[in-house]
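Some notes on the structure that comes next.
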Amino acid sequence: MSLPQEAIMLFLGLGGVLVAATVVGQALKRRAGGEQSPTVENLNARVFAWWVMVALIGVAFLVGKAGVILLFAFASFAALREFVTLTDTRRGDHWALMLAFFVGIPVQYYLVWIEWYGLYSIFIPVYGFLILPIVAVVRSDTTHFLSRIASLQWGLMICVFCVSHIPALLTLDIPGFEGKKLLLVAFLVTVVQGSDVLQYVFGKLLGRRKIAPALSPSKTWEGLVGGVASATALGAALWWLTPFSPAQAAAMALVTCLMGFFGGLVLSAIKRDRGVKDWGRMIEGHGGMLDRLDSVIFAAPIFFHLTRFWYVP
Amino acid sequence: MLTRLSARLVAMSVAGLARVLTGVLPNWRGCLPEARQRVYIANHTSHGDFVLIWTVLPHALRRQTRPVAALDYWGGSGVRGFIGREVFNAVLIDRKAAAPGQDALAVVIDAVGAGASLIYFPEGTRNTTDEVLLPLKSGLYRLAQARPDIEIVPAWIDNMARVMPKGEFLPVPLLCSVTFGTPLLLQPGEDKAAFMTRARDALLALKPEERER
């Protein structure tokens, strides 16, 4: 699969944004002089991590469908590893966990690879849902059984089922959009992650009123409104990546950004419940894989199904 | 030659596998990974414990760091023997050598004398109980007495018991961490009880706080 010209333009644009962010970050660092500001340090760590993430997605795009599927399969693995680490598992869960990691993830992504929509859209919610508790119950360990099995089912839905809907965009057959399916992935990821970044920027610059201090100390009304509004505008401006009109692209961007925002809140609530600040330490400056993916996880299946409903005959 | 090469390859693969499964990262809380001779002491819940410590050490330190392991488990002739002897160059101690005059610890002190750093599990055996840490065996005190000049670095391995629960042979992927504390030295005149308490407290202080349930 050769890279569509639109993708090259998008990556050039992202590269420009990252160069600008790097320059600003280094300037802030220099202005701080010898004093170390944790916020600036974190900003620079985040920018550096973005370079790496954009490069990884770029390589995946160059490889094509297989590259994108492998990239998100790996992301699912890392995310599920973080999720399960924070749940209370017992010895009796061992085989159910093995099944989730070593059968659940490969099969789900294989089904996306062979584009079997009828099965990849029910494999985890139906087969996984029923078979995991059966495997776990064989070990006869009833302590916290419901919460253990529910946690694992939630983990699979969040980390594997939802994440797999990003590469699943490559399986949508949209008339007149042949050979450009990678662009839908690029659009979704750019808009949702752009929304996160813009919410962070607006929040840091203007943030006063906290939305949900009990859930996330860094989320403010100013950040939310500024970030979602500008990311919606970004989505409209990127309409040429999609089969949508500019107005439709804006509407899609708005829906995915709002889903992303609430996804961040939901996963924050789980972190608070488990008494941790970050899901992991995998991505310098950001935290774990789930800290970076939380918004895309909630946005991807909705974006997928709205696109499928309106654009796939 | 061929054995050495395959041992190096296996060592790299084992470390890579440990990273994939556990995403293990070190917390150098009480000291830095310096190129000096040390004895790393850690809690012991799984056969994979020494692999985790070895994996988080910088390459230059790995080569001079030898795990202290049980002869009866890691000293055989099969795969475990290959991994124990060739891959990790383990210092194998004979836990059953109870006869008088046969000091199981002598090989350990010899290894330190030859310049090796050690990965040492002072509980003496894997902790498969619900206790956080088993009572430490006095071998640690005798090692410290024999070489009071060598830093003893406490290290806490978190979560490994869940990766490979007792009785399971396949590991499940979960995040693990290794936290290194401030090095201990045997103080002049410090008696066994005081030193053992200090070592135990140093280990327990590194344990991540229990999450509230």
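Numbering starts fresh at 1 for the residues of each chain in the structure tokens, the chains themselves are lettered A, B, ... in the order given, and ligands are numbered from 1 as they appear.
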For this session: Provide as a ChimeraX atom specification the residues of chain A at most 8 Å from chain B, counting only C-alpha atoms.
Result: /A:81-82,84-85,89-91,94,97-98,101,274-275,282
For this session: DSSP on the backbone, then: every residue of chain B marked strand (DSSP E), written as JSON, numbers by chain.
Result: {"B": [25, 26, 27, 28, 38, 39, 40, 41, 42, 65, 66, 67, 68, 69, 70, 91, 92, 93, 117, 118, 119, 120, 151, 152, 153, 154, 155, 156, 157, 158, 177, 178, 179, 180]}
Restricted to N, CA and C atoms, what would the selected residues look like written as a short mmCIF file (atom, residue, chain, number, x, y, z; two decimals), in the first residue's frame?
data_model
loop_
_atom_site.label_atom_id
_atom_site.label_comp_id
_atom_site.auth_asym_id
_atom_site.auth_seq_id
_atom_site.Cartn_x
_atom_site.Cartn_y
_atom_site.Cartn_z
N LEU B 25 10.76 -1.78 35.13
CA LEU B 25 11.58 -0.57 35.17
C LEU B 25 12.18 -0.47 36.57
N PRO B 26 13.44 0.03 36.65
CA PRO B 26 14.05 0.18 37.96
C PRO B 26 13.69 1.53 38.59
N ASN B 27 13.55 1.56 39.91
CA ASN B 27 13.51 2.82 40.66
C ASN B 27 14.80 2.85 41.48
N TRP B 28 15.75 3.68 41.07
CA TRP B 28 17.00 3.78 41.86
C TRP B 28 16.75 4.82 42.94
N ARG B 38 28.82 -5.00 44.60
CA ARG B 38 27.71 -4.89 45.53
C ARG B 38 27.04 -6.25 45.71
N VAL B 39 26.29 -6.36 46.80
CA VAL B 39 25.42 -7.51 46.97
C VAL B 39 23.99 -6.98 46.99
N TYR B 40 23.22 -7.33 45.97
CA TYR B 40 21.82 -6.91 45.93
C TYR B 40 21.00 -7.94 46.68
N ILE B 41 20.27 -7.51 47.70
CA ILE B 41 19.41 -8.45 48.42
C ILE B 41 17.96 -8.10 48.09
N ALA B 42 17.15 -9.13 47.86
CA ALA B 42 15.78 -8.86 47.43
C ALA B 42 14.82 -9.88 48.02
N THR B 65 27.61 -9.40 37.64
CA THR B 65 26.63 -9.71 38.69
C THR B 65 26.12 -11.14 38.56
N ARG B 66 26.31 -11.91 39.61
CA ARG B 66 25.93 -13.33 39.57
C ARG B 66 24.82 -13.60 40.59
N PRO B 67 23.75 -14.28 40.17
CA PRO B 67 22.72 -14.65 41.13
C PRO B 67 23.19 -15.81 42.01
N VAL B 68 22.79 -15.77 43.26
CA VAL B 68 23.05 -16.91 44.14
C VAL B 68 21.80 -17.79 44.11
N ALA B 69 21.96 -19.04 43.69
CA ALA B 69 20.79 -19.89 43.47
C ALA B 69 21.03 -21.28 44.06
N ALA B 70 19.94 -22.01 44.20
CA ALA B 70 20.02 -23.33 44.83
C ALA B 70 20.56 -24.35 43.83
N VAL B 91 25.99 -18.53 41.24
CA VAL B 91 26.76 -19.11 42.33
C VAL B 91 25.82 -20.14 42.96
N LEU B 92 26.14 -21.41 42.81
CA LEU B 92 25.19 -22.43 43.23
C LEU B 92 25.50 -22.90 44.64
N ILE B 93 24.53 -22.75 45.53
CA ILE B 93 24.78 -23.20 46.89
C ILE B 93 23.98 -24.46 47.18
N SER B 117 29.70 -9.13 41.82
CA SER B 117 28.54 -8.64 42.56
C SER B 117 27.54 -9.79 42.61
N LEU B 118 26.64 -9.73 43.60
CA LEU B 118 25.72 -10.86 43.76
C LEU B 118 24.27 -10.40 43.79
N ILE B 119 23.39 -11.28 43.34
CA ILE B 119 21.95 -11.12 43.60
C ILE B 119 21.61 -12.21 44.61
N TYR B 120 21.18 -11.82 45.78
CA TYR B 120 21.09 -12.74 46.91
C TYR B 120 19.71 -12.62 47.54
N GLU B 151 29.06 -3.07 49.81
CA GLU B 151 27.72 -2.50 50.00
C GLU B 151 26.64 -3.56 49.78
N ILE B 152 25.70 -3.58 50.71
CA ILE B 152 24.53 -4.46 50.55
C ILE B 152 23.36 -3.57 50.14
N VAL B 153 22.87 -3.77 48.91
CA VAL B 153 21.82 -2.91 48.37
C VAL B 153 20.48 -3.62 48.46
N PRO B 154 19.56 -3.09 49.30
CA PRO B 154 18.24 -3.73 49.36
C PRO B 154 17.45 -3.42 48.09
N ALA B 155 16.72 -4.42 47.60
CA ALA B 155 15.91 -4.22 46.39
C ALA B 155 14.57 -4.90 46.59
N TRP B 156 13.48 -4.20 46.24
CA TRP B 156 12.16 -4.80 46.38
C TRP B 156 11.59 -5.09 45.00
N ILE B 157 11.23 -6.35 44.78
CA ILE B 157 10.64 -6.74 43.50
C ILE B 157 9.14 -6.79 43.70
N ASP B 158 8.43 -5.93 42.95
CA ASP B 158 6.99 -5.83 43.17
C ASP B 158 6.21 -6.53 42.07
N SER B 177 8.06 -3.87 39.06
CA SER B 177 9.10 -2.86 39.26
C SER B 177 10.12 -3.40 40.24
N VAL B 178 11.34 -2.87 40.15
CA VAL B 178 12.39 -3.19 41.13
C VAL B 178 12.85 -1.87 41.73
N THR B 179 12.70 -1.74 43.06
CA THR B 179 13.10 -0.51 43.75
C THR B 179 14.35 -0.77 44.56
N PHE B 180 15.39 0.03 44.29
CA PHE B 180 16.66 -0.14 45.00
C PHE B 180 16.76 0.91 46.10
#
Do you know which residues are at most 10 Å from Leu56 (chain A) counting only C-alpha atoms, after dropping those on the same chain fewer than 5 positions away, and could you put them as a PDB file with N, CA, C and O atoms, in the first residue's frame?
ATOM      1  N   TRP A  50       5.944  12.682  21.865  1.00  0.00           N
ATOM      2  CA  TRP A  50       5.122  12.839  20.655  1.00  0.00           C
ATOM      3  C   TRP A  50       5.928  12.598  19.398  1.00  0.00           C
ATOM      4  O   TRP A  50       5.444  12.008  18.433  1.00  0.00           O
ATOM      5  N   TRP A  51       7.187  13.076  19.394  1.00  0.00           N
ATOM      6  CA  TRP A  51       8.051  12.786  18.246  1.00  0.00           C
ATOM      7  C   TRP A  51       8.107  11.277  18.011  1.00  0.00           C
ATOM      8  O   TRP A  51       7.965  10.796  16.895  1.00  0.00           O
ATOM      9  N   PHE A  61       2.257   3.401   9.010  1.00  0.00           N
ATOM     10  CA  PHE A  61       1.562   3.801   7.785  1.00  0.00           C
ATOM     11  C   PHE A  61       2.340   3.374   6.551  1.00  0.00           C
ATOM     12  O   PHE A  61       1.762   2.944   5.554  1.00  0.00           O
ATOM     13  N   LEU A  62       3.678   3.507   6.621  1.00  0.00           N
ATOM     14  CA  LEU A  62       4.497   3.110   5.476  1.00  0.00           C
ATOM     15  C   LEU A  62       4.352   1.620   5.206  1.00  0.00           C
ATOM     16  O   LEU A  62       4.302   1.186   4.068  1.00  0.00           O
ATOM     17  N   GLY A  67       1.096  -3.008   9.263  1.00  0.00           N
ATOM     18  CA  GLY A  67       1.808  -2.178  10.230  1.00  0.00           C
ATOM     19  C   GLY A  67       0.864  -1.550  11.229  1.00  0.00           C
ATOM     20  O   GLY A  67       1.118  -1.546  12.443  1.00  0.00           O
ATOM     21  N   VAL A  68      -0.260  -1.018  10.728  1.00  0.00           N
ATOM     22  CA  VAL A  68      -1.219  -0.363  11.621  1.00  0.00           C
ATOM     23  C   VAL A  68      -1.841  -1.389  12.570  1.00  0.00           C
ATOM     24  O   VAL A  68      -1.987  -1.133  13.776  1.00  0.00           O
ATOM     25  N   LEU A  71       0.743  -2.327  15.191  1.00  0.00           N
ATOM     26  CA  LEU A  71       0.965  -1.227  16.139  1.00  0.00           C
ATOM     27  C   LEU A  71      -0.133  -1.199  17.201  1.00  0.00           C
ATOM     28  O   LEU A  71       0.137  -1.109  18.407  1.00  0.00           O
TER      29      LEU A  71
END
Exercise. Neighbours of region 104-106 of chain B within 7 Å (only C-alpha atoms; same-chain residues fewer than 5 positions away dropped), as JSON, numbers by chain?
Worked result: {"B": [93, 94, 95, 97, 139]}
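Atom pair CA of Ala32 (chain A) / CA of Asp196 (chain A) has a distance of 25.3 Å (rounded to one decimal).
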For this session: Can you pull out every residue within 12 Å of Lys271 (chain A), counting only C-alpha atoms, but drop anything in the same chain fewer than 2 positions away, and send it as JSON, numbers by chain?
Result: {"A": [82, 83, 85, 86, 87, 214, 215, 216, 264, 265, 266, 267, 268, 269, 273, 274, 275, 276, 277, 278, 279, 280, 287, 288, 290, 291, 294], "B": [211, 212]}
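Computed from the coordinates, the CA of Ser76 (chain A) to CA of Gly64 (chain A) distance equals 18.5 Å.
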Problem set entry | Picked from region 119-252 of chain A by DSSP as alpha helix (DSSP H), as a ChimeraX atom specification | /A:119-120,129-137,145-156,163-164,181-206,221-237,246-252
